[in-house]
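Novice: File follows, entry13.pdb with PDB, C-alpha atoms, pLDDT in the B column:
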ATOM      1  CA  MET A   1       0.000   0.000   0.000  1.00 40.00           C
ATOM      2  CA  ALA A   2       2.878   2.365   0.651  1.00 42.00           C
ATOM      3  CA  SER A   3       4.016   2.163  -2.972  1.00 45.00           C
ATOM      4  CA  SER A   4       0.548   3.143  -4.220  1.00 41.00           C
ATOM      5  CA  GLU A   5       0.377   6.069  -1.852  1.00 42.00           C
ATOM      6  CA  SER A   6       3.872   7.263  -2.653  1.00 48.00           C
ATOM      7  CA  MET A   7       3.206   7.267  -6.392  1.00 60.00           C
ATOM      8  CA  MET A   8       0.250   9.638  -6.088  1.00 71.00           C
ATOM      9  CA  PRO A   9       1.590  13.171  -5.753  1.00 67.00           C
ATOM     10  CA  SER A  10      -0.281  15.848  -3.895  1.00 65.00           C
ATOM     11  CA  GLY A  11       0.071  19.543  -3.298  1.00 67.00           C
ATOM     12  CA  CYS A  12       2.718  21.361  -5.299  1.00 68.00           C
ATOM     13  CA  LYS A  13       4.376  18.062  -6.274  1.00 68.00           C
ATOM     14  CA  ILE A  14       1.946  17.784  -9.175  1.00 70.00           C
ATOM     15  CA  PHE A  15       3.721  20.741 -10.772  1.00 71.00           C
ATOM     16  CA  THR A  16       7.121  19.061 -10.566  1.00 71.00           C
ATOM     17  CA  THR A  17       6.603  15.337 -11.161  1.00 70.00           C
ATOM     18  CA  MET A  18       6.266  13.579 -14.462  1.00 70.00           C
ATOM     19  CA  PRO A  19       3.689  12.754 -15.844  1.00 69.00           C
ATOM     20  CA  ASP A  20       1.564  14.731 -13.371  1.00 70.00           C
ATOM     21  CA  ILE A  21       2.760  17.983 -14.859  1.00 70.00           C
ATOM     22  CA  LEU A  22       0.725  16.941 -17.929  1.00 73.00           C
ATOM     23  CA  PHE A  23      -2.390  18.153 -16.075  1.00 74.00           C
ATOM     24  CA  ILE A  24      -1.495  21.649 -17.286  1.00 78.00           C
ATOM     25  CA  PRO A  25      -1.356  20.808 -21.023  1.00 79.00           C
ATOM     26  CA  GLU A  26      -4.551  18.766 -20.577  1.00 80.00           C
ATOM     27  CA  PHE A  27      -6.233  21.960 -19.381  1.00 77.00           C
ATOM     28  CA  VAL A  28      -4.787  24.163 -22.111  1.00 81.00           C
ATOM     29  CA  PHE A  29      -5.322  21.858 -25.092  1.00 82.00           C
ATOM     30  CA  GLY A  30      -8.681  20.627 -23.779  1.00 80.00           C
ATOM     31  CA  GLU A  31      -9.893  24.195 -23.489  1.00 81.00           C
ATOM     32  CA  LEU A  32      -8.590  24.940 -26.971  1.00 81.00           C
ATOM     33  CA  VAL A  33     -10.609  22.039 -28.406  1.00 83.00           C
ATOM     34  CA  TRP A  34     -13.943  23.272 -27.130  1.00 79.00           C
ATOM     35  CA  THR A  35     -13.104  26.914 -27.844  1.00 81.00           C
ATOM     36  CA  LEU A  36     -12.183  26.105 -31.444  1.00 80.00           C
ATOM     37  CA  VAL A  37     -15.246  23.908 -31.968  1.00 79.00           C
ATOM     38  CA  ALA A  38     -17.494  26.522 -30.374  1.00 77.00           C
ATOM     39  CA  SER A  39     -16.119  29.231 -32.657  1.00 78.00           C
ATOM     40  CA  THR A  40     -17.123  27.406 -35.853  1.00 74.00           C
ATOM     41  CA  LYS A  41     -20.481  26.840 -37.442  1.00 69.00           C
ATOM     42  CA  VAL A  42     -21.900  23.692 -35.917  1.00 58.00           C
ATOM     43  CA  GLU A  43     -22.675  21.606 -38.975  1.00 66.00           C
ATOM     44  CA  PRO A  44     -23.401  18.759 -38.755  1.00 66.00           C
ATOM     45  CA  ALA A  45     -24.612  19.334 -35.225  1.00 64.00           C
ATOM     46  CA  ASN A  46     -24.297  15.819 -33.816  1.00 66.00           C
ATOM     47  CA  PRO A  47     -20.547  15.136 -34.196  1.00 76.00           C
ATOM     48  CA  GLN A  48     -19.526  18.634 -33.153  1.00 78.00           C
ATOM     49  CA  GLY A  49     -21.988  18.539 -30.278  1.00 81.00           C
ATOM     50  CA  TRP A  50     -20.334  15.316 -29.110  1.00 86.00           C
ATOM     51  CA  VAL A  51     -16.891  16.910 -29.373  1.00 85.00           C
ATOM     52  CA  THR A  52     -18.087  19.879 -27.330  1.00 84.00           C
ATOM     53  CA  PHE A  53     -19.656  17.625 -24.705  1.00 89.00           C
ATOM     54  CA  VAL A  54     -16.521  15.452 -24.399  1.00 89.00           C
ATOM     55  CA  SER A  55     -14.134  18.387 -24.203  1.00 87.00           C
ATOM     56  CA  LEU A  56     -16.235  20.296 -21.642  1.00 89.00           C
ATOM     57  CA  PHE A  57     -16.939  17.193 -19.552  1.00 91.00           C
ATOM     58  CA  CYS A  58     -13.268  16.157 -19.472  1.00 88.00           C
ATOM     59  CA  PHE A  59     -12.179  19.737 -18.794  1.00 88.00           C
ATOM     60  CA  LEU A  60     -14.510  20.019 -15.790  1.00 90.00           C
ATOM     61  CA  ILE A  61     -13.645  16.583 -14.381  1.00 89.00           C
ATOM     62  CA  THR A  62      -9.915  17.207 -14.898  1.00 86.00           C
ATOM     63  CA  THR A  63     -10.321  20.478 -13.015  1.00 86.00           C
ATOM     64  CA  LEU A  64     -11.978  18.597 -10.155  1.00 88.00           C
ATOM     65  CA  TRP A  65      -9.260  15.925 -10.327  1.00 84.00           C
ATOM     66  CA  PHE A  66      -6.599  18.629 -10.231  1.00 82.00           C
ATOM     67  CA  PHE A  67      -8.072  20.126  -7.039  1.00 84.00           C
ATOM     68  CA  ILE A  68      -8.303  16.667  -5.461  1.00 83.00           C
ATOM     69  CA  PHE A  69      -4.588  16.207  -6.129  1.00 80.00           C
ATOM     70  CA  ILE A  70      -3.665  19.674  -4.857  1.00 82.00           C
ATOM     71  CA  THR A  71      -5.595  19.218  -1.615  1.00 81.00           C
ATOM     72  CA  GLY A  72      -4.062  15.788  -0.989  1.00 78.00           C
ATOM     73  CA  ILE A  73      -7.358  13.896  -0.804  1.00 77.00           C
ATOM     74  CA  ASN A  74      -5.823  11.355  -3.209  1.00 76.00           C
ATOM     75  CA  GLN A  75      -3.636   9.680  -0.550  1.00 76.00           C
ATOM     76  CA  ASN A  76      -5.712   6.508  -0.309  1.00 76.00           C
ATOM     77  CA  SER A  77      -5.037   3.140  -1.952  1.00 76.00           C
ATOM     78  CA  ILE A  78      -8.085   3.429  -4.239  1.00 79.00           C
ATOM     79  CA  TRP A  79      -6.930   6.614  -5.992  1.00 80.00           C
ATOM     80  CA  PRO A  80      -4.387   5.064  -8.389  1.00 78.00           C
ATOM     81  CA  SER A  81      -7.124   2.772  -9.746  1.00 80.00           C
ATOM     82  CA  LEU A  82      -9.597   5.657  -9.972  1.00 83.00           C
ATOM     83  CA  ASP A  83      -6.981   7.730 -11.784  1.00 81.00           C
ATOM     84  CA  VAL A  84      -6.307   4.960 -14.313  1.00 84.00           C
ATOM     85  CA  GLY A  85     -10.047   4.491 -14.812  1.00 87.00           C
ATOM     86  CA  TYR A  86     -10.757   8.190 -15.297  1.00 87.00           C
ATOM     87  CA  HIS A  87      -7.888   8.752 -17.711  1.00 86.00           C
ATOM     88  CA  SER A  88      -8.731   5.582 -19.690  1.00 89.00           C
ATOM     89  CA  PHE A  89     -12.348   6.724 -19.903  1.00 91.00           C
ATOM     90  CA  SER A  90     -11.146  10.148 -21.094  1.00 90.00           C
ATOM     91  CA  VAL A  91      -8.884   8.555 -23.724  1.00 92.00           C
ATOM     92  CA  PHE A  92     -11.827   6.583 -25.105  1.00 93.00           C
ATOM     93  CA  PHE A  93     -14.094   9.653 -25.138  1.00 92.00           C
ATOM     94  CA  TYR A  94     -11.493  11.980 -26.648  1.00 90.00           C
ATOM     95  CA  LEU A  95     -10.440   9.458 -29.275  1.00 94.00           C
ATOM     96  CA  SER A  96     -14.046   9.013 -30.386  1.00 93.00           C
ATOM     97  CA  ALA A  97     -14.538  12.793 -30.480  1.00 90.00           C
ATOM     98  CA  ALA A  98     -11.267  13.401 -32.354  1.00 90.00           C
ATOM     99  CA  VAL A  99     -12.073  10.775 -34.997  1.00 92.00           C
ATOM    100  CA  LEU A 100     -15.600  12.164 -35.492  1.00 89.00           C
ATOM    101  CA  LEU A 101     -14.271  15.714 -35.732  1.00 86.00           C
ATOM    102  CA  ALA A 102     -11.587  14.638 -38.208  1.00 87.00           C
ATOM    103  CA  ASN A 103     -14.238  12.909 -40.323  1.00 87.00           C
ATOM    104  CA  VAL A 104     -16.430  16.026 -40.373  1.00 83.00           C
ATOM    105  CA  THR A 105     -13.420  18.208 -41.158  1.00 83.00           C
ATOM    106  CA  ILE A 106     -12.355  16.039 -44.099  1.00 83.00           C
ATOM    107  CA  GLY A 107     -15.796  16.604 -45.599  1.00 77.00           C
ATOM    108  CA  LYS A 108     -15.331  20.400 -45.337  1.00 74.00           C
ATOM    109  CA  GLN A 109     -12.023  20.602 -47.186  1.00 75.00           C
ATOM    110  CA  GLY A 110     -11.259  24.143 -48.164  1.00 71.00           C
ATOM    111  CA  LEU A 111      -9.060  27.062 -47.290  1.00 65.00           C
ATOM    112  CA  ASP A 112     -11.540  29.204 -45.401  1.00 73.00           C
ATOM    113  CA  LYS A 113     -11.132  30.223 -41.772  1.00 74.00           C
ATOM    114  CA  VAL A 114     -13.702  27.706 -40.493  1.00 74.00           C
ATOM    115  CA  TYR A 115     -11.769  24.837 -42.085  1.00 79.00           C
ATOM    116  CA  GLN A 116      -8.547  26.043 -40.498  1.00 81.00           C
ATOM    117  CA  LEU A 117     -10.240  26.270 -37.082  1.00 82.00           C
ATOM    118  CA  ASP A 118     -11.585  22.742 -37.526  1.00 81.00           C
ATOM    119  CA  ILE A 119      -8.110  21.445 -38.455  1.00 85.00           C
ATOM    120  CA  ALA A 120      -6.693  23.108 -35.329  1.00 85.00           C
ATOM    121  CA  ALA A 121      -9.448  21.538 -33.201  1.00 85.00           C
ATOM    122  CA  VAL A 122      -8.699  18.092 -34.659  1.00 87.00           C
ATOM    123  CA  VAL A 123      -4.984  18.450 -33.914  1.00 90.00           C
ATOM    124  CA  MET A 124      -5.694  19.644 -30.362  1.00 87.00           C
ATOM    125  CA  ALA A 125      -8.163  16.780 -29.797  1.00 88.00           C
ATOM    126  CA  PHE A 126      -5.556  14.204 -30.780  1.00 92.00           C
ATOM    127  CA  ILE A 127      -2.934  15.918 -28.592  1.00 91.00           C
ATOM    128  CA  VAL A 128      -5.292  15.830 -25.599  1.00 89.00           C
ATOM    129  CA  THR A 129      -6.040  12.167 -26.324  1.00 91.00           C
ATOM    130  CA  LEU A 130      -2.315  11.452 -26.242  1.00 91.00           C
ATOM    131  CA  LEU A 131      -1.854  13.374 -22.980  1.00 86.00           C
ATOM    132  CA  TYR A 132      -4.678  11.470 -21.284  1.00 87.00           C
ATOM    133  CA  TRP A 133      -3.243   8.192 -22.601  1.00 90.00           C
ATOM    134  CA  ILE A 134       0.240   8.986 -21.248  1.00 86.00           C
ATOM    135  CA  LEU A 135      -1.186   9.667 -17.772  1.00 81.00           C
ATOM    136  CA  SER A 136      -3.354   6.553 -17.903  1.00 80.00           C
ATOM    137  CA  ALA A 137      -0.521   4.313 -19.090  1.00 82.00           C
ATOM    138  CA  HIS A 138       1.887   5.693 -16.487  1.00 76.00           C
ATOM    139  CA  ARG A 139      -0.570   5.144 -13.613  1.00 71.00           C
ATOM    140  CA  TRP A 140      -1.475   1.670 -14.870  1.00 75.00           C
ATOM    141  CA  LYS A 141       2.176   0.692 -15.190  1.00 74.00           C
ATOM    142  CA  SER A 142       2.971   2.089 -11.726  1.00 68.00           C
ATOM    143  CA  SER A 143       0.063   0.445  -9.912  1.00 64.00           C
TER
END
Can the structure in the file be given as structure tokens, please?
Specialist:
Amino acid sequence: MASSESMMPSGCKIFTTMPDILFIPEFVFGELVWTLVASTKVEPANPQGWVTFVSLFCFLITTLWFFIFITGINQNSIWPSLDVGYHSFSVFFYLSAAVLLANVTIGKQGLDKVYQLDIAAVVMAFIVTLLYWILSAHRWKSS
């Protein structure tokens, strides 16, 4: 149990340990995904609505997760498993959203500003997927 507790950082350690420092890029790139999607014309509505839901949901839960880590509530033996589960869930959600957004974007090929925003959102969605996967894989390997 001591190894599980020691691997879960808390307080300011999350700003200095790898891969926990990836919380910050998860925030930044996750926010960029929903900002970019929200700034374009939502057509078709369903895939972009899903991307918006996934990015906002993961952003809010990651924010909550971040505060749990900062306050040190995560110093229990169940938290490594919860962390792996949450980040795996987020990888699945973000990957589905990124693939759907990429598919919609391919259908809009052009050089207008909306297309460029959609391309940026697709790139950011895949980056966030990778960041969540790195955290999930690291926790799973460590637990």
Novice: Near stretch 132-143 of chain A, within 9 Å and counting only C-alpha atoms, which residues show up once chain neighbours fewer than 3 positions away are dropped, as a PyMOL selection string?
Specialist: chain A and resi 3-4+7-8+19-20+22-23+26+80-81+83-88+90-91+94+127-129
Novice: Neighbourhood query: residues within 12 Å of (0.3, 21.5, -15.3), file coordinates, counting all atoms listed in the file; return as a list of chain:residue names.
Specialist: A:Cys12, A:Lys13, A:Ile14, A:Phe15, A:Thr16, A:Thr17, A:Met18, A:Pro19, A:Asp20, A:Ile21, A:Leu22, A:Phe23, A:Ile24, A:Pro25, A:Glu26, A:Phe27, A:Val28, A:Phe29, A:Thr62, A:Thr63, A:Phe66, A:Phe67, A:Phe69, A:Ile70, A:Leu131
Novice: Restricting the calculation to all atoms listed in the file: of A:Trp50, A:Phe59, A:Ser77, A:Leu101, which residue gets closest to A:Ala120?
Specialist: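 Nearest candidate to A:Ala120 out of A:Trp50, A:Phe59, A:Ser77, A:Leu101: A:Leu101.
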Novice: So how many Å separate atom CA of A:Ile106 and atom CA of A:Phe57, to one decimal?
Specialist: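 Rounded to one decimal, the two atoms are 25.0 Å apart.
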Novice: What does the structure give for the distance between atom CA of A:Phe126 and atom CA of A:Leu56, in Å to one decimal?
Specialist: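 Going from atom CA of A:Phe126 over to atom CA of A:Leu56, I get 15.3 Å.
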Novice: Which residue out of A:Ile73, A:Val51, A:Leu64, A:Ala98 has the minimum interatomic distance to A:Leu130 when all atoms listed in the file are used?
Specialist: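 When distances to A:Leu130 are compared using all atoms listed in the file, the smallest one comes from A:Ala98.
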Novice: So, with only C-alpha atoms as the atoms that count, which of A:Ser55, A:Ser96, A:Gln48, A:Asn76 lies closest to A:Leu32?
Specialist: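 Under the stated criterion, the closest residue is A:Ser55.
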Novice: Counting all atoms listed in the file, which of A:Gln116, A:Glu31, A:Val104, A:Thr71 gets nearest to A:Gly49?
Specialist: A:Val104
